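The data block below is data.txt; it holds compact mmCIF, C-alpha atoms.
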# COMPACT_ATOMS: atom_id res chain seq x y z
CA MET A 11 0.75 -3.30 -18.00
CA THR A 12 3.00 -6.25 -17.33
CA ASP A 13 2.54 -9.12 -19.75
CA THR A 14 0.88 -11.89 -17.75
CA THR A 15 1.65 -14.55 -20.36
CA THR A 16 5.43 -14.19 -20.60
CA ASP A 17 7.44 -17.18 -19.40
CA PRO A 18 9.69 -15.91 -16.61
CA ALA A 19 12.38 -18.35 -17.72
CA GLY A 20 12.92 -16.34 -20.89
CA THR A 21 15.79 -14.20 -19.61
CA THR A 22 19.37 -13.53 -20.54
CA ALA A 23 21.86 -16.10 -19.33
CA GLY A 24 23.31 -13.80 -16.68
CA ALA A 25 19.96 -12.79 -15.23
CA GLY A 26 18.72 -16.36 -15.26
CA ALA A 27 21.75 -17.54 -13.34
CA VAL A 28 21.14 -15.00 -10.60
CA ALA A 29 17.40 -15.61 -10.43
CA GLY A 30 17.31 -19.40 -10.52
CA ALA A 31 18.27 -20.37 -7.00
CA ALA A 32 16.57 -17.42 -5.36
CA ALA A 33 13.27 -17.96 -7.13
CA ALA A 34 12.62 -21.34 -5.55
CA GLY A 35 13.04 -20.07 -2.01
CA ALA A 36 11.11 -16.87 -2.58
CA ALA A 37 8.28 -18.65 -4.34
CA ALA A 38 8.00 -21.12 -1.48
CA GLY A 39 7.89 -18.23 0.96
CA ALA A 40 5.13 -16.51 -0.98
CA VAL A 41 2.71 -19.31 -0.21
CA GLY A 42 3.24 -19.01 3.54
CA VAL A 43 5.25 -22.14 4.26
CA PRO A 44 6.00 -22.94 7.91
CA GLY A 45 8.87 -20.90 9.29
CA SER A 46 8.60 -18.21 6.64
CA ASP A 47 6.75 -15.72 8.82
CA PRO A 48 8.55 -12.35 8.67
CA GLU A 49 8.02 -12.07 12.41
CA SER A 50 10.45 -15.00 12.75
CA GLY A 51 14.19 -14.92 12.29
CA ASP A 52 14.50 -15.33 8.54
CA GLY A 53 13.06 -11.89 7.81
CA CYS A 54 15.64 -10.07 9.93
CA GLU A 55 17.40 -8.35 7.00
CA ALA A 56 14.12 -6.84 5.81
CA VAL A 57 13.20 -5.85 9.37
CA GLU A 58 16.51 -4.02 9.70
CA ILE A 59 15.99 -2.26 6.36
CA LEU A 60 12.49 -1.18 7.37
CA ALA A 61 13.65 0.09 10.76
CA SER A 62 16.46 2.08 9.14
CA THR A 63 14.01 3.48 6.59
CA ARG A 64 11.61 4.64 9.31
CA ALA A 65 14.48 6.31 11.16
CA HIS A 66 15.49 8.29 8.07
CA VAL A 67 12.13 8.93 6.42
CA ASP A 68 9.85 9.62 9.39
CA PRO A 69 11.55 12.94 10.28
CA GLU A 70 11.14 14.09 6.66
CA LEU A 71 7.49 13.05 6.73
CA ARG A 72 6.90 14.86 10.01
CA ARG A 73 8.50 18.04 8.68
CA ALA A 74 6.35 17.87 5.56
CA ILE A 75 3.11 17.16 7.40
CA ASP A 76 3.80 19.98 9.86
CA THR A 77 3.47 22.41 6.93
CA LEU A 78 -0.16 21.42 6.31
CA PRO A 79 -2.97 23.72 7.48
CA GLY A 80 -4.07 22.96 11.04
CA SER A 81 -7.20 20.87 10.47
CA LEU A 82 -5.63 18.81 7.69
CA ARG A 83 -2.45 18.37 9.71
CA ARG A 84 -4.46 16.97 12.60
CA VAL A 85 -6.10 14.32 10.38
CA ALA A 86 -2.75 13.39 8.84
CA LEU A 87 -0.99 13.07 12.19
CA TYR A 88 -3.84 10.87 13.48
CA HIS A 89 -3.76 8.71 10.35
CA PHE A 90 0.00 8.16 10.66
CA GLY A 91 -0.45 7.16 14.30
CA TRP A 92 1.49 10.09 15.74
CA GLU A 93 -1.49 11.72 17.49
CA ARG A 94 -4.69 10.59 19.13
CA ALA A 95 -8.07 11.90 18.02
CA ASP A 96 -7.88 14.65 20.64
CA GLY A 97 -4.52 15.87 19.32
CA THR A 98 -2.37 14.50 22.13
CA PRO A 99 0.84 12.66 21.14
CA ALA A 100 0.59 8.92 20.46
CA ALA A 101 3.21 6.21 20.15
CA GLY A 102 1.53 4.46 17.25
CA HIS A 103 3.34 3.35 14.13
CA ALA A 104 2.84 4.70 10.62
CA GLY A 105 2.90 1.36 8.83
CA LYS A 106 5.75 -0.88 7.74
CA ALA A 107 7.38 1.64 5.34
CA ILE A 108 7.71 -0.92 2.55
CA ARG A 109 7.46 1.63 -0.27
CA PRO A 110 10.02 4.15 1.00
CA ALA A 111 12.28 1.22 1.85
CA LEU A 112 12.10 0.09 -1.77
CA VAL A 113 13.14 3.56 -2.92
CA LEU A 114 16.21 3.72 -0.67
CA THR A 115 17.17 0.07 -1.19
CA ALA A 116 16.94 0.41 -4.98
CA VAL A 117 19.25 3.42 -4.83
CA ARG A 118 21.78 1.43 -2.83
CA ALA A 119 21.48 -1.65 -5.08
CA LEU A 120 22.47 0.45 -8.10
CA GLY A 121 25.39 2.14 -6.39
CA GLY A 122 23.71 5.44 -5.50
CA GLU A 123 23.56 7.35 -2.21
CA PRO A 124 20.33 6.59 -0.31
CA ALA A 125 20.61 9.73 1.84
CA LEU A 126 20.01 11.84 -1.27
CA ALA A 127 16.71 10.06 -1.98
CA VAL A 128 14.99 10.55 1.39
CA ARG A 129 12.62 13.19 -0.01
CA ALA A 130 11.63 10.87 -2.83
CA ALA A 131 11.02 8.07 -0.33
CA ALA A 132 8.84 10.37 1.79
CA ALA A 133 6.91 11.44 -1.31
CA VAL A 134 6.11 7.83 -2.15
CA GLU A 135 4.94 7.20 1.41
CA LEU A 136 2.69 10.28 1.27
CA VAL A 137 1.08 9.03 -1.94
CA HIS A 138 0.55 5.60 -0.39
CA ASN A 139 -1.19 7.13 2.61
CA PHE A 140 -3.28 9.41 0.40
CA THR A 141 -4.66 6.24 -1.22
CA LEU A 142 -5.31 4.63 2.17
CA LEU A 143 -7.33 7.61 3.39
CA HIS A 144 -9.46 7.59 0.24
CA ASP A 145 -9.79 3.80 0.09
CA ASP A 146 -11.03 3.67 3.68
CA VAL A 147 -13.78 6.14 2.79
CA MET A 148 -14.82 4.36 -0.40
CA ASP A 149 -14.67 0.89 1.15
CA ARG A 150 -16.31 2.12 4.38
CA ASP A 151 -13.55 0.45 6.38
CA THR A 152 -13.82 1.37 10.05
CA THR A 153 -10.49 0.01 11.34
CA ARG A 154 -6.89 0.52 10.23
CA ARG A 155 -3.74 -0.23 12.22
CA HIS A 156 -5.81 -1.40 15.16
CA ARG A 157 -7.82 1.80 15.65
CA PRO A 158 -10.72 3.70 14.01
CA THR A 159 -10.07 4.99 10.51
CA ALA A 160 -9.68 8.74 10.02
CA TRP A 161 -13.04 9.23 8.30
CA THR A 162 -14.90 7.64 11.23
CA VAL A 163 -13.18 10.09 13.59
CA PHE A 164 -13.06 13.34 11.59
CA GLY A 165 -15.74 12.77 8.96
CA VAL A 166 -15.65 11.88 5.27
CA ALA A 167 -14.89 15.37 3.98
CA ASP A 168 -11.88 15.96 6.23
CA ALA A 169 -10.43 12.52 5.46
CA ILE A 170 -10.73 13.06 1.70
CA LEU A 171 -9.26 16.54 1.87
CA ALA A 172 -6.36 15.38 4.05
CA GLY A 173 -5.63 12.71 1.43
CA ASP A 174 -5.71 15.33 -1.32
CA ALA A 175 -3.31 17.49 0.66
CA MET A 176 -0.92 14.56 1.12
CA GLN A 177 -0.79 13.97 -2.62
CA ALA A 178 -0.02 17.64 -3.25
CA LEU A 179 2.60 17.55 -0.50
CA ALA A 180 4.31 14.60 -2.20
CA GLN A 181 4.65 16.56 -5.42
CA ARG A 182 5.94 19.60 -3.55
CA LEU A 183 8.66 17.52 -1.89
CA LEU A 184 9.94 16.50 -5.31
CA ALA A 185 9.50 19.99 -6.79
CA ASP A 186 11.70 21.41 -4.01
CA ASP A 187 14.30 18.64 -4.23
CA PRO A 188 17.57 19.84 -5.83
CA HIS A 189 18.52 16.30 -6.92
CA PRO A 190 18.95 16.10 -10.73
CA GLY A 191 16.53 13.17 -10.91
CA ALA A 192 13.72 14.96 -9.06
CA ALA A 193 11.85 16.21 -12.14
CA VAL A 194 11.81 12.78 -13.75
CA ALA A 195 10.72 11.28 -10.44
CA ALA A 196 7.89 13.81 -10.07
CA ALA A 197 6.57 13.03 -13.54
CA ARG A 198 6.78 9.30 -12.90
CA LEU A 199 5.01 9.60 -9.55
CA ALA A 200 2.22 11.75 -11.08
CA THR A 201 1.68 9.12 -13.79
CA CYS A 202 1.57 6.47 -11.09
CA VAL A 203 -1.11 8.40 -9.18
CA MET A 204 -3.28 8.45 -12.28
CA GLU A 205 -2.85 4.68 -12.60
CA LEU A 206 -3.71 4.24 -8.92
CA CYS A 207 -6.91 6.24 -9.42
CA ALA A 208 -7.81 4.20 -12.50
CA GLY A 209 -7.24 1.02 -10.53
CA GLN A 210 -9.47 2.21 -7.69
CA GLN A 211 -12.17 3.22 -10.16
CA ALA A 212 -11.99 -0.24 -11.75
CA ASP A 213 -12.21 -1.83 -8.31
CA CYS A 214 -15.36 0.15 -7.49
CA GLU A 215 -16.88 -0.70 -10.86
CA LEU A 216 -16.16 -4.42 -10.44
CA GLU A 217 -17.78 -4.39 -7.00
CA ARG A 218 -21.05 -3.20 -8.57
CA ARG A 219 -21.21 -6.13 -11.00
CA ASP A 220 -22.95 -9.46 -10.53
CA PRO A 221 -20.53 -12.14 -9.25
CA ASP A 222 -20.71 -14.02 -12.57
CA GLU A 223 -19.71 -10.94 -14.57
CA VAL A 224 -16.21 -10.42 -13.13
CA THR A 225 -13.17 -12.08 -14.74
CA LEU A 226 -9.81 -12.95 -13.27
CA ASP A 227 -7.96 -11.01 -15.97
CA GLU A 228 -9.89 -7.86 -15.02
CA CYS A 229 -9.12 -8.36 -11.35
CA LEU A 230 -5.42 -8.96 -11.97
CA ALA A 231 -5.20 -5.80 -14.09
CA MET A 232 -6.99 -3.87 -11.36
CA ALA A 233 -4.66 -5.24 -8.68
CA GLU A 234 -1.59 -4.29 -10.71
CA ALA A 235 -2.86 -0.73 -11.00
CA LYS A 236 -3.92 -0.42 -7.35
CA THR A 237 -1.02 -2.19 -5.66
CA GLY A 238 1.71 -3.09 -8.14
CA ALA A 239 1.97 0.36 -9.72
CA LEU A 240 3.18 2.17 -6.58
CA LEU A 241 5.59 -0.58 -5.56
CA GLY A 242 6.99 -0.49 -9.09
CA CYS A 243 7.18 3.30 -9.01
CA ALA A 244 9.04 3.20 -5.69
CA CYS A 245 11.69 0.92 -7.17
CA ALA A 246 11.87 3.00 -10.35
CA LEU A 247 12.36 6.22 -8.37
CA GLY A 248 15.24 4.58 -6.54
CA ALA A 249 16.80 3.74 -9.90
CA VAL A 250 16.28 7.31 -11.13
CA TYR A 251 17.99 8.73 -8.04
CA ALA A 252 20.88 6.31 -8.58
CA GLY A 253 21.37 7.69 -12.09
CA ALA A 254 20.45 4.36 -13.76
CA GLY A 255 19.56 3.96 -17.42
CA ARG A 256 16.10 3.37 -18.85
CA GLU A 257 16.55 -0.42 -19.03
CA GLU A 258 17.37 -0.71 -15.32
CA ILE A 259 14.59 1.73 -14.35
CA ASP A 260 11.98 -0.23 -16.32
CA ALA A 261 13.22 -3.59 -15.01
CA LEU A 262 12.96 -2.41 -11.41
CA ASP A 263 9.50 -1.01 -12.11
CA GLY A 264 8.51 -4.45 -13.38
CA PHE A 265 10.08 -6.12 -10.34
CA GLY A 266 8.00 -3.95 -8.02
CA ARG A 267 4.82 -4.56 -9.98
CA GLU A 268 5.20 -8.33 -9.92
CA ALA A 269 6.12 -8.33 -6.23
CA GLY A 270 3.12 -6.05 -5.68
CA LEU A 271 0.78 -8.56 -7.30
CA ALA A 272 2.24 -11.31 -5.12
CA PHE A 273 1.72 -9.05 -2.11
CA GLN A 274 -1.90 -8.34 -3.11
CA LEU A 275 -2.67 -12.03 -3.57
CA ILE A 276 -1.36 -12.86 -0.11
CA ASP A 277 -3.09 -9.78 1.34
CA ASP A 278 -6.37 -10.99 -0.12
CA VAL A 279 -5.86 -14.39 1.47
CA ILE A 280 -5.19 -12.69 4.81
CA GLY A 281 -8.29 -10.53 4.28
CA ILE A 282 -10.37 -13.72 4.42
CA TRP A 283 -8.47 -16.03 6.77
CA GLY A 284 -6.20 -13.64 8.70
CA ASP A 285 -6.08 -13.33 12.48
CA PRO A 286 -7.81 -10.07 13.56
CA GLY A 287 -5.22 -9.75 16.33
CA HIS A 288 -2.57 -9.28 13.65
CA THR A 289 -4.56 -7.63 10.85
CA GLY A 290 -6.35 -5.04 12.99
CA LYS A 291 -9.59 -5.78 11.09
CA PRO A 292 -12.58 -7.99 11.95
CA ALA A 293 -12.39 -11.61 10.80
CA GLY A 294 -13.82 -12.08 7.33
CA ALA A 295 -14.20 -8.33 6.82
CA ASP A 296 -13.66 -8.60 3.04
CA LEU A 297 -16.33 -11.30 2.75
CA ALA A 298 -18.74 -9.38 4.96
CA VAL A 299 -18.84 -6.51 2.44
CA HIS A 300 -18.81 -8.94 -0.51
CA LYS A 301 -15.44 -7.74 -1.76
CA LYS A 302 -14.48 -9.42 -5.02
CA SER A 303 -10.90 -10.10 -4.03
CA LEU A 304 -8.67 -12.32 -6.15
CA PRO A 305 -9.30 -15.59 -4.23
CA VAL A 306 -13.04 -14.91 -4.40
CA VAL A 307 -13.02 -14.28 -8.16
CA ALA A 308 -10.83 -17.34 -8.74
CA ALA A 309 -13.33 -19.39 -6.75
CA LEU A 310 -16.28 -17.92 -8.67
CA ALA A 311 -14.57 -18.82 -11.95
CA SER A 312 -13.94 -22.44 -10.94
CA GLY A 313 -17.27 -23.81 -12.19
CA THR A 314 -17.61 -25.94 -9.05
CA PRO A 315 -20.68 -26.42 -6.83
CA ALA A 316 -18.88 -24.32 -4.23
CA ALA A 317 -18.61 -21.52 -6.81
CA ALA A 318 -22.38 -21.56 -7.27
CA GLU A 319 -22.86 -21.47 -3.50
CA LEU A 320 -20.48 -18.52 -3.21
CA ALA A 321 -22.22 -16.63 -6.01
CA GLU A 322 -25.54 -17.07 -4.25
CA LEU A 323 -24.09 -15.79 -0.98
CA TYR A 324 -22.68 -12.76 -2.79
CA ARG A 325 -26.04 -11.91 -4.34
CA ARG A 326 -27.54 -11.38 -0.89
CA PRO A 327 -27.32 -7.92 0.72
CA PRO A 328 -23.94 -7.50 2.46
CA GLY A 329 -23.86 -7.41 6.22
CA GLY A 330 -21.61 -4.34 6.62
CA THR A 331 -18.07 -4.17 7.95
CA GLU A 332 -18.93 -6.15 11.10
CA GLY A 333 -20.96 -8.49 8.94
CA ASP A 334 -22.77 -11.71 9.72
CA PRO A 335 -20.08 -14.04 11.10
CA GLN A 336 -21.99 -17.14 10.06
CA SER A 337 -22.44 -15.91 6.49
CA ALA A 338 -18.78 -14.85 6.27
CA ALA A 339 -17.69 -18.27 7.55
CA CYS A 340 -19.85 -19.98 4.92
CA ALA A 341 -18.35 -17.79 2.21
CA ALA A 342 -14.80 -18.54 3.42
CA ARG A 343 -15.49 -22.27 3.26
CA ALA A 344 -16.92 -21.89 -0.23
CA VAL A 345 -13.90 -19.94 -1.47
CA GLU A 346 -11.56 -22.59 -0.09
CA SER A 347 -13.61 -25.51 -1.43
CA ALA A 348 -13.70 -23.91 -4.88
CA GLY A 349 -9.90 -23.62 -4.89
CA GLY A 350 -9.63 -19.86 -4.46
CA ARG A 351 -7.16 -19.99 -1.59
CA ASP A 352 -4.84 -22.50 -3.31
CA TRP A 353 -4.99 -20.54 -6.58
CA ALA A 354 -4.03 -17.29 -4.85
CA GLN A 355 -1.07 -18.86 -3.05
CA VAL A 356 0.27 -20.63 -6.15
CA HIS A 357 -0.20 -17.51 -8.28
CA ALA A 358 1.61 -15.42 -5.66
CA ALA A 359 4.58 -17.78 -5.90
CA ASP A 360 4.56 -17.45 -9.69
CA ARG A 361 4.49 -13.64 -9.52
CA MET A 362 7.36 -13.67 -7.06
CA SER A 363 9.39 -15.80 -9.45
CA ARG A 364 8.76 -13.30 -12.25
CA ALA A 365 9.75 -10.45 -9.95
CA ILE A 366 13.09 -12.10 -9.19
CA VAL A 367 13.88 -12.49 -12.88
CA LEU A 368 13.24 -8.78 -13.48
CA LEU A 369 15.34 -7.87 -10.45
CA ALA A 370 18.24 -9.89 -11.85
CA ARG A 371 18.03 -7.96 -15.12
CA ALA A 372 18.43 -4.65 -13.30
CA VAL A 373 20.87 -5.79 -10.62
CA PRO A 374 22.78 -8.88 -11.80
CA ASP A 375 25.00 -9.03 -8.70
CA PRO A 376 23.19 -11.15 -6.06
CA GLU A 377 24.83 -9.34 -3.15
CA SER A 378 23.73 -5.93 -4.42
CA ALA A 379 20.21 -7.22 -5.10
CA GLY A 380 19.90 -8.84 -1.67
CA GLY A 381 18.10 -5.98 0.07
CA LEU A 382 15.41 -5.69 -2.58
CA LEU A 383 14.92 -9.45 -2.60
CA ALA A 384 14.64 -9.47 1.19
CA LEU A 385 11.92 -6.81 1.08
CA ALA A 386 10.00 -8.64 -1.62
CA GLU A 387 10.17 -11.89 0.32
CA PHE A 388 9.13 -10.11 3.51
CA VAL A 389 5.88 -8.73 2.11
CA THR A 390 4.91 -11.98 0.40
CA ARG A 391 5.76 -14.33 3.27
CA ARG A 392 3.09 -13.08 5.63
CA THR A 393 0.82 -15.77 7.03
CA HIS A 394 -1.55 -13.55 9.03
Please rewrite the model in this file as structure tokens.
Amino acid sequence: MTDTTTDPAGTTAGAGAVAGAAAAGAAAGAVGVPGSDPESGDGCEAVEILASTRAHVDPELRRAIDTLPGSLRRVALYHFGWERADGTPAAGHAGKAIRPALVLTAVRALGGEPALAVRAAAAVELVHNFTLLHDDVMDRDTTRRHRPTAWTVFGVADAILAGDAMQALAQRLLADDPHPGAAVAAARLATCVMELCAGQQADCELERRDPDEVTLDECLAMAEAKTGALLGCACALGAVYAGAGREEIDALDGFGREAGLAFQLIDDVIGIWGDPGHTGKPAGADLAVHKKSLPVVAALASGTPAAAELAELYRRPPGGTEGDPQSAACAARAVESAGGRDWAQVHAADRMSRAIVLLARAVPDPESAGGLLALAEFVTRRTH
């Protein structure tokens, strides 16, 4: 686990010099300041990286998925947006490709050849989508990427099994990869999957508890395992494929973890106040199912009258994924009044600052580190 008490200023002189100026801008972006929307112009470098990643990784993903048995292949192709429920071709997208982009960009930042890491990037994306399939089942989410989730179309069993097959497929991609770093990458990815599962188990266990029995430290640890671990692993795999040493690999893993926590904090804010037209999910969906996201837990821990109101709302039976709009709106107001939204945005900025320091340790040259920084800023600058 990353130490959450370490002062990010405690770096070597060289790393601190690289990180200092960048941290202020990135931290400001993490809180969703005006003009920092990645849909606007200042995210263009990240957009170009993501588009290039999709162009290189999607064919590898398609080839891998085409090797799955028929029924599992059909679920996977639907989940990625490449087929409709009836099996006809679709022009949907398979997500932003943040994780495979981190793999390839980390390779480039450390002087390696990104083309040799495409299988590793595809493996990371398969693991990510395995977790999405399972999470949708466990969370009973009915919408992803603006259409019904796979389990609502094909059933719970088929969605779970397709996710299992994707995880196995990720390991097979690395097992078949002749790159000298493939074995180390496979072991690291397998360890990451175990951490992802532990994080999901912790999330489920926290959801069963009374609102007053959940702490912020527990939620931050859970978020690092569920979200930060795979982003860190993606960066670490890029370092492995670049032939980097242990210090650089671990620093990039830490960079990804901290950026992942910033991402999760902003994602949790969007889960409450995001525009359904952009998120693809109903407004207040997280509140409707009484999800104990980070802004909610921060609000519950505030000791304010709004915290007591929120706890009472959360003790009532949840209204399901469509929820009770009035109840969800009341809960959103309570979270904001109790300071949960402000806490999440400020904490996201702090995590982004820590991420930049760790990036500077691994890649001291600002020009070489620029792509990774652009991706980290992109995912933490979302405002919807």
With all atoms listed in the file as the counted atoms, please give the residues lying no more than 12 Å from Asp168 (chain A), apart from itself and same-chain residues fewer than 3 positions off, as a PyMOL selection string.
chain A and resi 79-86+88-89+143-144+147+159-165+171-175
Please list as a PyMOL selection string every residue within 12 Å of Leu142 (chain A), counting all atoms listed in the file and excluding residues in the same chain fewer than 3 positions away.
chain A and resi 86+89-90+104-105+135-139+145-151+153-155+159-161+169-170+172-174+176-177+206-207+210+236-237
Suppose we keep C-alpha atoms; can you now write the selection as a short mmCIF file (atom, residue, chain, number, x, y, z; two decimals), in the frame of the given file?
data_model
loop_
_atom_site.label_atom_id
_atom_site.label_comp_id
_atom_site.auth_asym_id
_atom_site.auth_seq_id
_atom_site.Cartn_x
_atom_site.Cartn_y
_atom_site.Cartn_z
CA ALA A 86 -2.75 13.39 8.84
CA HIS A 89 -3.76 8.71 10.35
CA PHE A 90 0.00 8.16 10.66
CA ALA A 104 2.84 4.70 10.62
CA GLY A 105 2.90 1.36 8.83
CA GLU A 135 4.94 7.20 1.41
CA LEU A 136 2.69 10.28 1.27
CA VAL A 137 1.08 9.03 -1.94
CA HIS A 138 0.55 5.60 -0.39
CA ASN A 139 -1.19 7.13 2.61
CA ASP A 145 -9.79 3.80 0.09
CA ASP A 146 -11.03 3.67 3.68
CA VAL A 147 -13.78 6.14 2.79
CA MET A 148 -14.82 4.36 -0.40
CA ASP A 149 -14.67 0.89 1.15
CA ARG A 150 -16.31 2.12 4.38
CA ASP A 151 -13.55 0.45 6.38
CA THR A 153 -10.49 0.01 11.34
CA ARG A 154 -6.89 0.52 10.23
CA ARG A 155 -3.74 -0.23 12.22
CA THR A 159 -10.07 4.99 10.51
CA ALA A 160 -9.68 8.74 10.02
CA TRP A 161 -13.04 9.23 8.30
CA ALA A 169 -10.43 12.52 5.46
CA ILE A 170 -10.73 13.06 1.70
CA ALA A 172 -6.36 15.38 4.05
CA GLY A 173 -5.63 12.71 1.43
CA ASP A 174 -5.71 15.33 -1.32
CA MET A 176 -0.92 14.56 1.12
CA GLN A 177 -0.79 13.97 -2.62
CA LEU A 206 -3.71 4.24 -8.92
CA CYS A 207 -6.91 6.24 -9.42
CA GLN A 210 -9.47 2.21 -7.69
CA LYS A 236 -3.92 -0.42 -7.35
CA THR A 237 -1.02 -2.19 -5.66
#
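Closest approach to Asp278 (chain A) among A:Phe140, A:Trp353, A:Tyr324, A:Tyr251: A:Trp353, based on all atoms listed in the file.
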Give me the residues within 6 Å of region 262-277 of chain A as a ChimeraX atom specification, counting only C-alpha atoms and dropping any in the same chain fewer than 2 places off.
/A:234,237-239,241-243,245-246,259-260,279-280,354,358,361-362,365,368-369,389-390
The selected residues should be written to file as a compact mmCIF listing (two decimals), keeping the file's coordinate frame (atoms: C-alpha atoms).
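Here's the written file out.txt:
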# COMPACT_ATOMS: atom_id res chain seq x y z
CA GLU A 234 -1.59 -4.29 -10.71
CA THR A 237 -1.02 -2.19 -5.66
CA GLY A 238 1.71 -3.09 -8.14
CA ALA A 239 1.97 0.36 -9.72
CA LEU A 241 5.59 -0.58 -5.56
CA GLY A 242 6.99 -0.49 -9.09
CA CYS A 243 7.18 3.30 -9.01
CA CYS A 245 11.69 0.92 -7.17
CA ALA A 246 11.87 3.00 -10.35
CA ILE A 259 14.59 1.73 -14.35
CA ASP A 260 11.98 -0.23 -16.32
CA VAL A 279 -5.86 -14.39 1.47
CA ILE A 280 -5.19 -12.69 4.81
CA ALA A 354 -4.03 -17.29 -4.85
CA ALA A 358 1.61 -15.42 -5.66
CA ARG A 361 4.49 -13.64 -9.52
CA MET A 362 7.36 -13.67 -7.06
CA ALA A 365 9.75 -10.45 -9.95
CA LEU A 368 13.24 -8.78 -13.48
CA LEU A 369 15.34 -7.87 -10.45
CA VAL A 389 5.88 -8.73 2.11
CA THR A 390 4.91 -11.98 0.40
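Picture a line from CA of Asp76 (chain A) to CA of Gly248 (chain A); it runs 25.2 Å.
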Atom-to-atom span, CA of Arg219 (chain A) and CA of Asp296 (chain A), Å:
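Those two atoms sit 16.1 Å apart.
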Ranking A:Leu240, A:Leu226, A:Ala249, A:Ala339 by minimum distance to Val194 (chain A) and counting all atoms listed in the file, which one comes first?
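Of A:Leu240, A:Leu226, A:Ala249, A:Ala339, the one nearest Val194 (chain A) is A:Ala249, counting all atoms listed in the file.
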Counting only C-alpha atoms, which residue out of A:Ala100, A:Ala56, A:Ala65, A:Ile108 sits closest to Ala244 (chain A)?
A:Ile108
Residue neighbourhood Glu228 (chain A), 12 Å, all atoms listed in the file, exclusion window fewer than 3 positions, as a list of chain:residue names:
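Listing them by chain and then by number gives A:Met11, A:Thr14, A:Gly209, A:Ala212, A:Asp213, A:Glu215, A:Leu216, A:Glu217, A:Glu223, A:Val224, A:Thr225, A:Ala231, A:Met232, A:Ala233, A:Glu234, A:Ala235, A:Lys302, A:Ser303, A:Leu304, A:Val307, A:Ala308.
Of note, CA of Gln336 (chain A) and CA of Cys229 (chain A) are spaced 26.5 Å apart.
Residue nearest Ala372 (chain A), chosen from A:Glu258, A:Asp220, A:Glu319, A:Glu346 and counting only C-alpha atoms: A:Glu258.
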Judged by all atoms listed in the file, the minimum distance to Leu71 (chain A) among A:Ala195, A:Val166, A:Leu183, A:Val57 is found for A:Leu183
Shell around Arg182 (chain A) at 12 Å using all atoms listed in the file, local window under 2 positions removed, as a ChimeraX atom specification:
/A:74-75,77-78,129-130,132-134,136-137,175-180,184-188,192-193,195-197,199-200
Counting only C-alpha atoms, which residue out of A:Ala316, A:Ala298, A:Ala261, A:Leu247 sits closest to Ser337 (chain A)?
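With only C-alpha atoms as the atom set, the closest residue is A:Ala298.
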